[in-house]
Amino acid sequence: MRSIKIQKICCIGAGYVGGPTMSVIADKCPDLEVRVVDINKERIDAWNDSDLNNLPIFEPGLDRIISRTRGRNLFFSTEMEKSISDADMIFISVNTPTKTKGLGAGQASDLSWVEASARQVAKYAKGHTIVIEKSTLPVRTAQAIKEILKTTNRENQKNEIAKTFSVLSNPEFLAEGTAINDLEKPDRVLIGGEDSDAVDALVKIYLNWVPGEQIICTNLWSSELSKLAANAFLAQRISSINSISAFCEATGADVQEVAKAIGTDKRIGNQFLSAGPGFGGSCFKKDILNLVYLSGYFGLPEVADYWNQVVVLNTWQQDRIYKIVLEKLFGTVNGKNIAILGFSFKANTNDTRESPAIRISSDLLEEGAILSIYDPKVSFKRIEEDFEKISFNNQGIWKMANSIPEALKNVDAVLILTAWDEFFGLDWNYLASLMRSPAWVFDTRSVVDRKEIENTCINLWKLGEGN
């Protein structure tokens with residue numbers, strides 16, 4: 001068994017996974033040099049901004065780690081060639097969106113960025129390099145990476161010192177909004193690989209702060225599938241409790257009481273049993289659709305149908321909320337003012353990818369609504385880009401508000417879509433005076449206490465609460 005000494009790490013991709021993960025590794029391993037590279041110069045400039053409020057990603061605690069490590073042993077750069085050639089270990093942490101065209105469109109993952117990264121590694125790496133899948137990838141992607149590294153290496157080897165590679169899978173299990181805590185105190189670290197020396201080199205890095213018993217080593221394929229399966233199981237729980245929320249509204253039950261009752265069963269547990277407008281983020285929908293595609297590919301149509309229904313129900317929940325708003329506002333929102341509180345897919349992140357707010361807001365705009373959107377961390381540019389990405393017949397108008405009172409001025413209704421802390425315990429007596437009567441509050445995140453509005457003219461609808 002040979003010992004591989006790691007001194008320099010490169011991460012390709014400065015997004016929601018690469019940036020925070022490398023920041024924590026740099027913080028916990030001060031003897032390592034960590035470089036995060038990306039072709040997006042604007043993003044790299046934001047990571048290097050002297051004002052930590054301008055970091056491209058908002059995660060509680062991330063700014064403090066950046067202030068300790070940036071310029072010491074953590075560097076953000078667009079210098080792809082040098083960063084790769086200097087590295088002993090390279091993490092591939094690039095986007096793997098769902099394909100929009102071609103074979104598998106709408107379900108399979110688009111691996112073009114992974115392939116491009118692998119080709120760059122093959123071209124610029126020197127000596128022996130450990131290449132690590134950090135992106136969420138379909139099962140057997142590591143084999144494709146191996147083939148690219150092997151083939152491109154042969155083409156470029158001529159008079160160079162022989163290049164060798166070990167490919168590992170080290171999927172992330174981060175929840176946005178708590179990513180730093182998840183990195184510093186992980187439930188587990190999963191490492192899949194066939195080269196025991198390469199696996200051991202990565203294990204040694206994590207042992208700087210993660211107890212050994214929490215590091216799980218598997219083969220490559222188990223590691224890749226475990227990530228997809230974990231996200232599928234979590235999304236399944238969200239769709240399950242959301243289906244029960246509709247049942248509660250129809251029968252007079254309260255979904256929070258039901259969730260508490262079933263969550264105390266130790267066989268079930270209480271995590272991911274909060275009903276809401278549906279799951280969002282970059283992983284859940286994409287990974288389930290990928291699982292659906294792979295199930296079909298391997299001749300398992302019943303498995304594909306089972307997991308596809310999780311996504312179907314998630315979309316149904318969002319459509320259901322939009323239709324309830326329409327119904328309560330006398331069947332039309334055309335020309336009516338509606339405040340949207342929260343646009344990120346969950347609290348404590350500025351990530352809006354697959355946010356329920358996008359679909360619900362676009363449906364309201366298609367009906368001619370006038371939306372006033374407030375989110376403490378999501379920018380106007382991000383929302384504008386989100387609306388531009390989807391195809392809908394926009395008959396309405398939307399604008400950004402700088403505060404909650406500004407968002408609620410003269411509105412007919414308020415739709416709460418993200419559970420930001422500042423949305424709890426609001427002064428509804430004051431806010432009611434800003435709204436038009438009869439006013440409605442549609443609470444999809446259980447942030448409003450019914451007692452807080454009982455002396456106002458506000459009508460309250462809470463998701464999963466029967467009458």
# chains A, B, ... in the order shown; residues from 1 in each chain; ligands from 1
$ residues_around --residues "Asp31 in chain A" --least-positions-apart "3" --cutoff "12 Å" --atoms "only C-alpha atoms" --output "list in words"
Lys5, Ile6, Gln7, Lys8, Ile9, Ile25, Ala26, Asp27, Lys28, Val34, Thr69, Arg72, Asn73, Leu74, Ile205 and Asn208 of chain A
$ residues_around --residues "range 174-188 of chain A" --least-positions-apart "5" --cutoff "9 Å" --atoms "only C-alpha atoms" --output "list in words"
Tyr16, Val17, Pro20, Thr21, Val24, Ile25, Lys28, Phe58, Glu59, Pro60, Gly61, Leu62, Trp209, Val210, Glu213, Gln214, Ile215, Ile216, Gly281, Lys346, Ala347, Asn348, Thr349, Asn350 and Asp351 of chain A
$ write_last_selection --atoms "N, CA, C and O atoms" --output "JSON list (two decimals), in the first residue's frame"
[["chain", "number", "residue", "atom", "x", "y", "z"],
["A", 16, "TYR", "N", -22.77, 26.28, -5.56],
["A", 16, "TYR", "CA", -23.33, 26.07, -4.22],
["A", 16, "TYR", "C", -22.67, 24.92, -3.47],
["A", 16, "TYR", "O", -22.75, 24.86, -2.25],
["A", 17, "VAL", "N", -22.05, 24.00, -4.19],
["A", 17, "VAL", "CA", -21.35, 22.89, -3.55],
["A", 17, "VAL", "C", -19.86, 23.17, -3.46],
["A", 17, "VAL", "O", -19.26, 23.10, -2.39],
["A", 20, "PRO", "N", -18.65, 26.41, -0.83],
["A", 20, "PRO", "CA", -18.70, 26.11, 0.61],
["A", 20, "PRO", "C", -17.85, 24.90, 1.01],
["A", 20, "PRO", "O", -17.18, 24.93, 2.04],
["A", 21, "THR", "N", -17.87, 23.83, 0.20],
["A", 21, "THR", "CA", -17.12, 22.63, 0.56],
["A", 21, "THR", "C", -15.62, 22.91, 0.63],
["A", 21, "THR", "O", -14.95, 22.53, 1.60],
["A", 24, "VAL", "N", -14.62, 25.01, 3.72],
["A", 24, "VAL", "CA", -14.52, 24.26, 4.97],
["A", 24, "VAL", "C", -13.27, 23.39, 4.97],
["A", 24, "VAL", "O", -12.57, 23.29, 5.99],
["A", 25, "ILE", "N", -12.95, 22.75, 3.85],
["A", 25, "ILE", "CA", -11.72, 21.95, 3.79],
["A", 25, "ILE", "C", -10.50, 22.83, 4.06],
["A", 25, "ILE", "O", -9.60, 22.45, 4.82],
["A", 28, "LYS", "N", -10.39, 23.67, 7.80],
["A", 28, "LYS", "CA", -10.04, 22.53, 8.67],
["A", 28, "LYS", "C", -8.66, 21.97, 8.37],
["A", 28, "LYS", "O", -8.10, 21.25, 9.21],
["A", 58, "PHE", "N", -25.29, 32.80, -0.51],
["A", 58, "PHE", "CA", -25.57, 33.11, 0.89],
["A", 58, "PHE", "C", -25.77, 31.81, 1.66],
["A", 58, "PHE", "O", -26.64, 31.02, 1.34],
["A", 59, "GLU", "N", -24.93, 31.59, 2.63],
["A", 59, "GLU", "CA", -25.06, 30.50, 3.58],
["A", 59, "GLU", "C", -24.64, 31.03, 4.94],
["A", 59, "GLU", "O", -23.55, 31.60, 5.07],
["A", 60, "PRO", "N", -25.47, 30.87, 5.96],
["A", 60, "PRO", "CA", -25.08, 31.33, 7.30],
["A", 60, "PRO", "C", -23.73, 30.75, 7.72],
["A", 60, "PRO", "O", -23.52, 29.54, 7.67],
["A", 61, "GLY", "N", -22.81, 31.63, 8.10],
["A", 61, "GLY", "CA", -21.50, 31.21, 8.56],
["A", 61, "GLY", "C", -20.44, 31.14, 7.49],
["A", 61, "GLY", "O", -19.23, 31.08, 7.80],
["A", 62, "LEU", "N", -20.83, 31.16, 6.23],
["A", 62, "LEU", "CA", -19.85, 31.06, 5.14],
["A", 62, "LEU", "C", -18.92, 32.27, 5.11],
["A", 62, "LEU", "O", -17.71, 32.12, 4.89],
["A", 209, "TRP", "N", -11.36, 16.55, 10.85],
["A", 209, "TRP", "CA", -12.49, 17.04, 11.67],
["A", 209, "TRP", "C", -13.67, 16.08, 11.74],
["A", 209, "TRP", "O", -14.59, 16.30, 12.53],
["A", 210, "VAL", "N", -13.67, 15.02, 10.97],
["A", 210, "VAL", "CA", -14.79, 14.07, 10.98],
["A", 210, "VAL", "C", -14.36, 12.77, 11.66],
["A", 210, "VAL", "O", -13.33, 12.19, 11.28],
["A", 213, "GLU", "N", -15.61, 6.84, 12.36],
["A", 213, "GLU", "CA", -16.78, 5.97, 12.24],
["A", 213, "GLU", "C", -17.88, 6.59, 11.38],
["A", 213, "GLU", "O", -18.84, 5.90, 10.98],
["A", 214, "GLN", "N", -17.76, 7.88, 11.08],
["A", 214, "GLN", "CA", -18.76, 8.54, 10.23],
["A", 214, "GLN", "C", -18.32, 8.61, 8.76],
["A", 214, "GLN", "O", -19.02, 9.19, 7.95],
["A", 215, "ILE", "N", -17.20, 8.01, 8.46],
["A", 215, "ILE", "CA", -16.72, 7.96, 7.08],
["A", 215, "ILE", "C", -17.02, 6.58, 6.52],
["A", 215, "ILE", "O", -16.52, 5.57, 7.02],
["A", 216, "ILE", "N", -17.87, 6.53, 5.51],
["A", 216, "ILE", "CA", -18.30, 5.26, 4.91],
["A", 216, "ILE", "C", -17.61, 5.09, 3.57],
["A", 216, "ILE", "O", -17.67, 5.97, 2.70],
["A", 281, "GLY", "N", -35.00, 23.51, -5.17],
["A", 281, "GLY", "CA", -33.57, 23.31, -5.11],
["A", 281, "GLY", "C", -33.06, 22.59, -6.35],
["A", 281, "GLY", "O", -33.84, 22.14, -7.20],
["A", 346, "LYS", "N", -36.11, 27.78, -0.17],
["A", 346, "LYS", "CA", -36.19, 27.57, 1.27],
["A", 346, "LYS", "C", -35.50, 28.73, 1.96],
["A", 346, "LYS", "O", -34.84, 29.55, 1.31],
["A", 347, "ALA", "N", -35.66, 28.82, 3.27],
["A", 347, "ALA", "CA", -35.05, 29.92, 4.02],
["A", 347, "ALA", "C", -33.54, 29.74, 4.12],
["A", 347, "ALA", "O", -33.00, 28.64, 3.98],
["A", 348, "ASN", "N", -32.84, 30.85, 4.36],
["A", 348, "ASN", "CA", -31.40, 30.89, 4.59],
["A", 348, "ASN", "C", -30.57, 30.50, 3.37],
["A", 348, "ASN", "O", -29.45, 29.98, 3.49],
["A", 349, "THR", "N", -31.13, 30.74, 2.19],
["A", 349, "THR", "CA", -30.36, 30.58, 0.96],
["A", 349, "THR", "C", -30.90, 31.57, -0.07],
["A", 349, "THR", "O", -32.08, 31.94, 0.01],
["A", 350, "ASN", "N", -30.02, 31.95, -1.00],
["A", 350, "ASN", "CA", -30.50, 32.80, -2.10],
["A", 350, "ASN", "C", -30.73, 31.98, -3.37],
["A", 350, "ASN", "O", -30.89, 32.51, -4.45],
["A", 351, "ASP", "N", -30.76, 30.66, -3.22],
["A", 351, "ASP", "CA", -30.96, 29.76, -4.35],
["A", 351, "ASP", "C", -32.44, 29.68, -4.71],
["A", 351, "ASP", "O", -33.28, 29.40, -3.85]]
$ select_by_dssp --residues "range 92-271 of chain A" --states "helix (DSSP H, G or I)" --output "PyMOL selection string"
chain A and resi 112-124+141-156+179-184+196-206+212-214+220-251+255-263
$ closest_residue --among "A:Ile130, A:Val333, A:Ile57, A:Cys10" --to "Glu79 in chain A" --atoms "only C-alpha atoms"
A:Cys10
$ closest_residue --among "A:Ile90, A:Leu417, A:Val139, A:Ala105" --to "Ala125 in chain A" --atoms "only C-alpha atoms"
A:Ile90
$ select_by_dssp --residues "range 103-297 of chain A" --states "strand (DSSP E or B)" --output "list in words"
Ser109, His128, Thr129, Ile130, Val131, Ile132, Glu133, Thr164, Phe165, Ser166, Val167, Leu168, Ser169, Val189, Leu190, Ile191, Gly192, Gly193, Ile215, Ile216, Cys217, Thr218 and Asp254 of chain A
$ atom_distance --atom1 "CA of Asp319 in chain A" --atom2 "CA of Ile390 in chain A"
15.5 Å
$ closest_residue --among "A:Leu313, A:Leu371, A:Ala357, A:Ile338" --to "Ile238 in chain A" --atoms "only C-alpha atoms"
A:Leu313
$ closest_residue --among "A:Trp428, A:Gln236, A:Gly466, A:Tyr293" --to "Ile453 in chain A" --atoms "only C-alpha atoms"
A:Trp428
$ atom_distance --atom1 "CA of Lys150 in chain A" --atom2 "CA of His128 in chain A"
12.5 Å
$ closest_residue --among "A:Trp440, A:Tyr124, A:Trp307, A:Trp113" --to "Lys82 in chain A" --atoms "only C-alpha atoms"
A:Tyr124
$ atom_distance --atom1 "CA of Asn459 in chain A" --atom2 "CA of Lys323 in chain A"
16.6 Å
$ closest_residue --among "A:Ile244, A:Leu300, A:Leu408, A:Val292" --to "Leu463 in chain A" --atoms "only C-alpha atoms"
A:Ile244
